[in-house]
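Asks: Okay, here's the structure, questions in a sec.
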Amino acid sequence: MARRALSSSANETVPLPEVDRLLMNGIRSIGYNDADATIMKDAMMWAQLRDNNQGIIKLTSGGLAKSGDAEPMVEFDSPTGARVNGNQAMSMVVLDRAVRLAIDKAQRANVGIVGTWNTSQSCGALGFYTEKICEAGLIGLVFATSPEFVAPFGAKQPILGTNPIACGVPTDKGLLLIDQATAAFPWFGLLEAKTAGREIPEGVAYDSEGIPTRDPSKALKGALRTFDRGYKSSNLALMVELLAGPLVGAAHMNKLAAKNWGNLVVAINPAMLGEPAKFYKAAGEVLDRVRTAEKLPGVSEIVLPGQRESALAAARVRDGSVPLERNMLAELRVLAANYEAASARAPAAVGGGEQRTNALLEQLLTRLDKLEGQVMATAAQQQQLGKQQERLETVAVESLRAANGGR
């Protein structure tokens, strides 16, 4: 996993419920609905708790901008495989659906292989999704491509994506979770370093002329290198490029403009090759052998992949807070405040509408009262005229009788 080292003075410790609220509202501020925002928030919080560069910086750097409102669509569906057309829905949401689909197929048919294409944002930390596969008792492999950010070995031109790989293996001694990019440094790490105003490590990037640089701004105009700065990591990046690119229908040229990035998800049920319990036990024994291997001079502990990150996340959950870089936190608060202000105005508008409706009803009732009064007044006048007419008729009759001698 990509980790960052920040001085305590550059951080502000924030309670987890507040971070959760800020992140959720920040995501909502750019137009995502509750369901999608929840998936995105959970993925980014998972990363943030582990000091993984796939956390909040993805939002504050503008990397989650919406590209469409269509729903993902399953294509080429079979008992053991499928392809998901993202239809430009948010990549994290699309990959989450692909993982659930792969899990279901592996539980039914022992293996599930699902590809995704036609998405154009970062899908976040692959370990988040791989862990979900392992929680179902399955072995998980997840691959991802991205735009041309990384130069192959011997080149200065970016051709490959950061092309991360994640592998998760459940054992009776805990989860082994490997989550790493094939690049020497995360692309979002460049954005984070630029935001924080600090240099990047030596030897991870070139500027546009192919000269090594520690300036994140120059690196963003140049290229990242693969993780061992040699041909082996370049070969691995190329493997991911092919499996999570052309194989799943994703773009392999001009990927940033094409807005068509890919993922490949593989879920394997240990029952396909034997008894799961025996596998979990044997796999746990392998982890123990690695942990207890004879150490080199000066080495106090052999750490398994994902071990430190998992422990760090657990500690922060227990403490109920997480340190956040101050500039990034300030940007997050602005985004969240924008959404909260807009939400506060909406009920007011509704309330104003209700007030206008009530005022109109009052006017109508007043008019009805006046009409009723006029009708009642008219009825009273008619009654009075009727009485006068009766009196006149009586007078007329009496006058006639008098004139006829009382007859």
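Letters for chains follow the order of the structure tokens (A, B, ...), residue numbers begin at 1 for each chain, and ligand numbers begin at 1 in the order shown.
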Would you kindly return, as JSON, numbers by chain, each protein, DNA or RNA residue with an atom no farther than 7 Å from any atom of Ala82 of chain A, considering only C-alpha atoms and excluding same-chain residues fewer than 2 positions away?

Replies: {"A": [74, 75, 76, 77, 78, 84, 113, 114, 115]}

Asks: So that I can check the surroundings of Ala155 of chain A, please list as an NGL selection string every protein, DNA and RNA residue that reaches within 10 Å of it, counting only C-alpha atoms and ignoring chain neighbours fewer than 6 positions away.

Replies: :A and (210 or 223 or 225)

Asks: Store the residues picked out above in a file with N, CA and C atoms, as a PDB file, in the first residue's frame.

Replies:
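Saved the output as result04.pdb:
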```pdb
ATOM      1  N   GLY A 210      12.492  13.898 -18.996  1.00  0.00           N
ATOM      2  CA  GLY A 210      13.075  12.632 -18.589  1.00  0.00           C
ATOM      3  C   GLY A 210      14.135  12.760 -17.517  1.00  0.00           C
ATOM      4  N   ALA A 223       6.425  11.925 -15.941  1.00  0.00           N
ATOM      5  CA  ALA A 223       5.982  10.530 -15.820  1.00  0.00           C
ATOM      6  C   ALA A 223       6.473   9.939 -14.512  1.00  0.00           C
ATOM      7  N   ARG A 225       7.733   6.449 -12.468  1.00  0.00           N
ATOM      8  CA  ARG A 225       8.506   5.267 -12.819  1.00  0.00           C
ATOM      9  C   ARG A 225       7.858   4.041 -12.190  1.00  0.00           C
TER      10      ARG A 225
END
```

Asks: At a cut-off of 9 Å, using only C-alpha atoms, what residues contact segment 38-40 of chain A? Leave out same-chain residues fewer than 4 positions from it and give the result as a ChimeraX atom specification.

Replies: /A:24,27,33-34,44-45,90,92-93,96,123-124

Asks: Using only C-alpha atoms, which of the listed residues (A:Arg308, A:Lys66, A:Arg198, A:Arg289) sits closest to Asp215 of chain A?

Replies: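 Nearest to Asp215 of chain A: A:Arg198.
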
Asks: Can you work out the spacing between atom CA of Asp172 of chain A and atom CA of Tyr280 of chain A in Å, to one decimal?

Replies: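 Computed distance, atom CA of Asp172 of chain A to atom CA of Tyr280 of chain A, equals 5.2 Å.
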
Asks: Run DSSP on the backbone and tell me which residues of segment 243-288 of chain A come out as alpha helix (DSSP H); list them as a PDB file with C-alpha atoms, in the first residue's frame.

Replies:
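selection-v4.pdb was written with the following content:
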```pdb
ATOM      1  CA  LEU A 243      -5.540  -7.983 -18.355  1.00  0.00           C
ATOM      2  CA  LYS A 255      -6.992   6.638 -22.119  1.00  0.00           C
ATOM      3  CA  LEU A 256      -7.524   9.999 -20.440  1.00  0.00           C
ATOM      4  CA  ALA A 257      -9.427  11.334 -23.454  1.00  0.00           C
ATOM      5  CA  ALA A 258     -11.209   8.020 -24.087  1.00  0.00           C
ATOM      6  CA  PRO A 276     -11.319 -25.101   2.400  1.00  0.00           C
ATOM      7  CA  ALA A 277     -10.492 -25.788   6.056  1.00  0.00           C
ATOM      8  CA  LYS A 278      -7.250 -27.522   5.096  1.00  0.00           C
ATOM      9  CA  PHE A 279      -6.350 -24.641   2.809  1.00  0.00           C
ATOM     10  CA  TYR A 280      -6.987 -21.991   5.473  1.00  0.00           C
ATOM     11  CA  LYS A 281      -4.836 -23.949   7.950  1.00  0.00           C
ATOM     12  CA  ALA A 282      -1.969 -24.523   5.509  1.00  0.00           C
ATOM     13  CA  ALA A 283      -2.052 -20.888   4.374  1.00  0.00           C
ATOM     14  CA  GLY A 284      -1.921 -19.768   7.999  1.00  0.00           C
ATOM     15  CA  GLU A 285       1.133 -21.951   8.550  1.00  0.00           C
ATOM     16  CA  VAL A 286       2.860 -20.247   5.619  1.00  0.00           C
ATOM     17  CA  LEU A 287       2.217 -16.857   7.207  1.00  0.00           C
ATOM     18  CA  ASP A 288       3.618 -18.098  10.516  1.00  0.00           C
TER      19      ASP A 288
END
```

Asks: Point out the residue among A:Leu324, A:Leu23, A:Ile165, A:Leu238 with the least atom-to-atom distance to Val150 of chain A, counting only C-alpha atoms.

Replies: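 Using only C-alpha atoms, Val150 of chain A sits closest to A:Leu238.
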
Asks: Return the single residue from A:Ala250, A:Leu273, A:Ala267, A:Ala342 that is closest to Trp117 of chain A, with distances computed using only C-alpha atoms.

Replies: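 Distance minimum relative to Trp117 of chain A lands on A:Ala250.
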
Asks: Tell me which protein, DNA and RNA residues are within 8 Å of Leu95 of chain A, counting only C-alpha atoms, leaving out same-chain ones fewer than 4 positions away, and put them as a ChimeraX atom specification.

Replies: /A:91,99,116,123,129,263

Asks: Those selected residues, please, written with C-alpha atoms and delivered as a PDB file, in the first residue's frame.

Replies:
```pdb
ATOM      1  CA  SER A  91     -15.829   3.758 -10.973  1.00  0.00           C
ATOM      2  CA  VAL A  99     -16.983  -7.583  -6.817  1.00  0.00           C
ATOM      3  CA  THR A 116     -15.402  -3.684 -15.971  1.00  0.00           C
ATOM      4  CA  CYS A 123     -11.700   3.195  -8.457  1.00  0.00           C
ATOM      5  CA  TYR A 129     -12.740  -4.556  -2.608  1.00  0.00           C
ATOM      6  CA  ASN A 263     -10.746  -3.521 -13.943  1.00  0.00           C
TER       7      ASN A 263
END
```
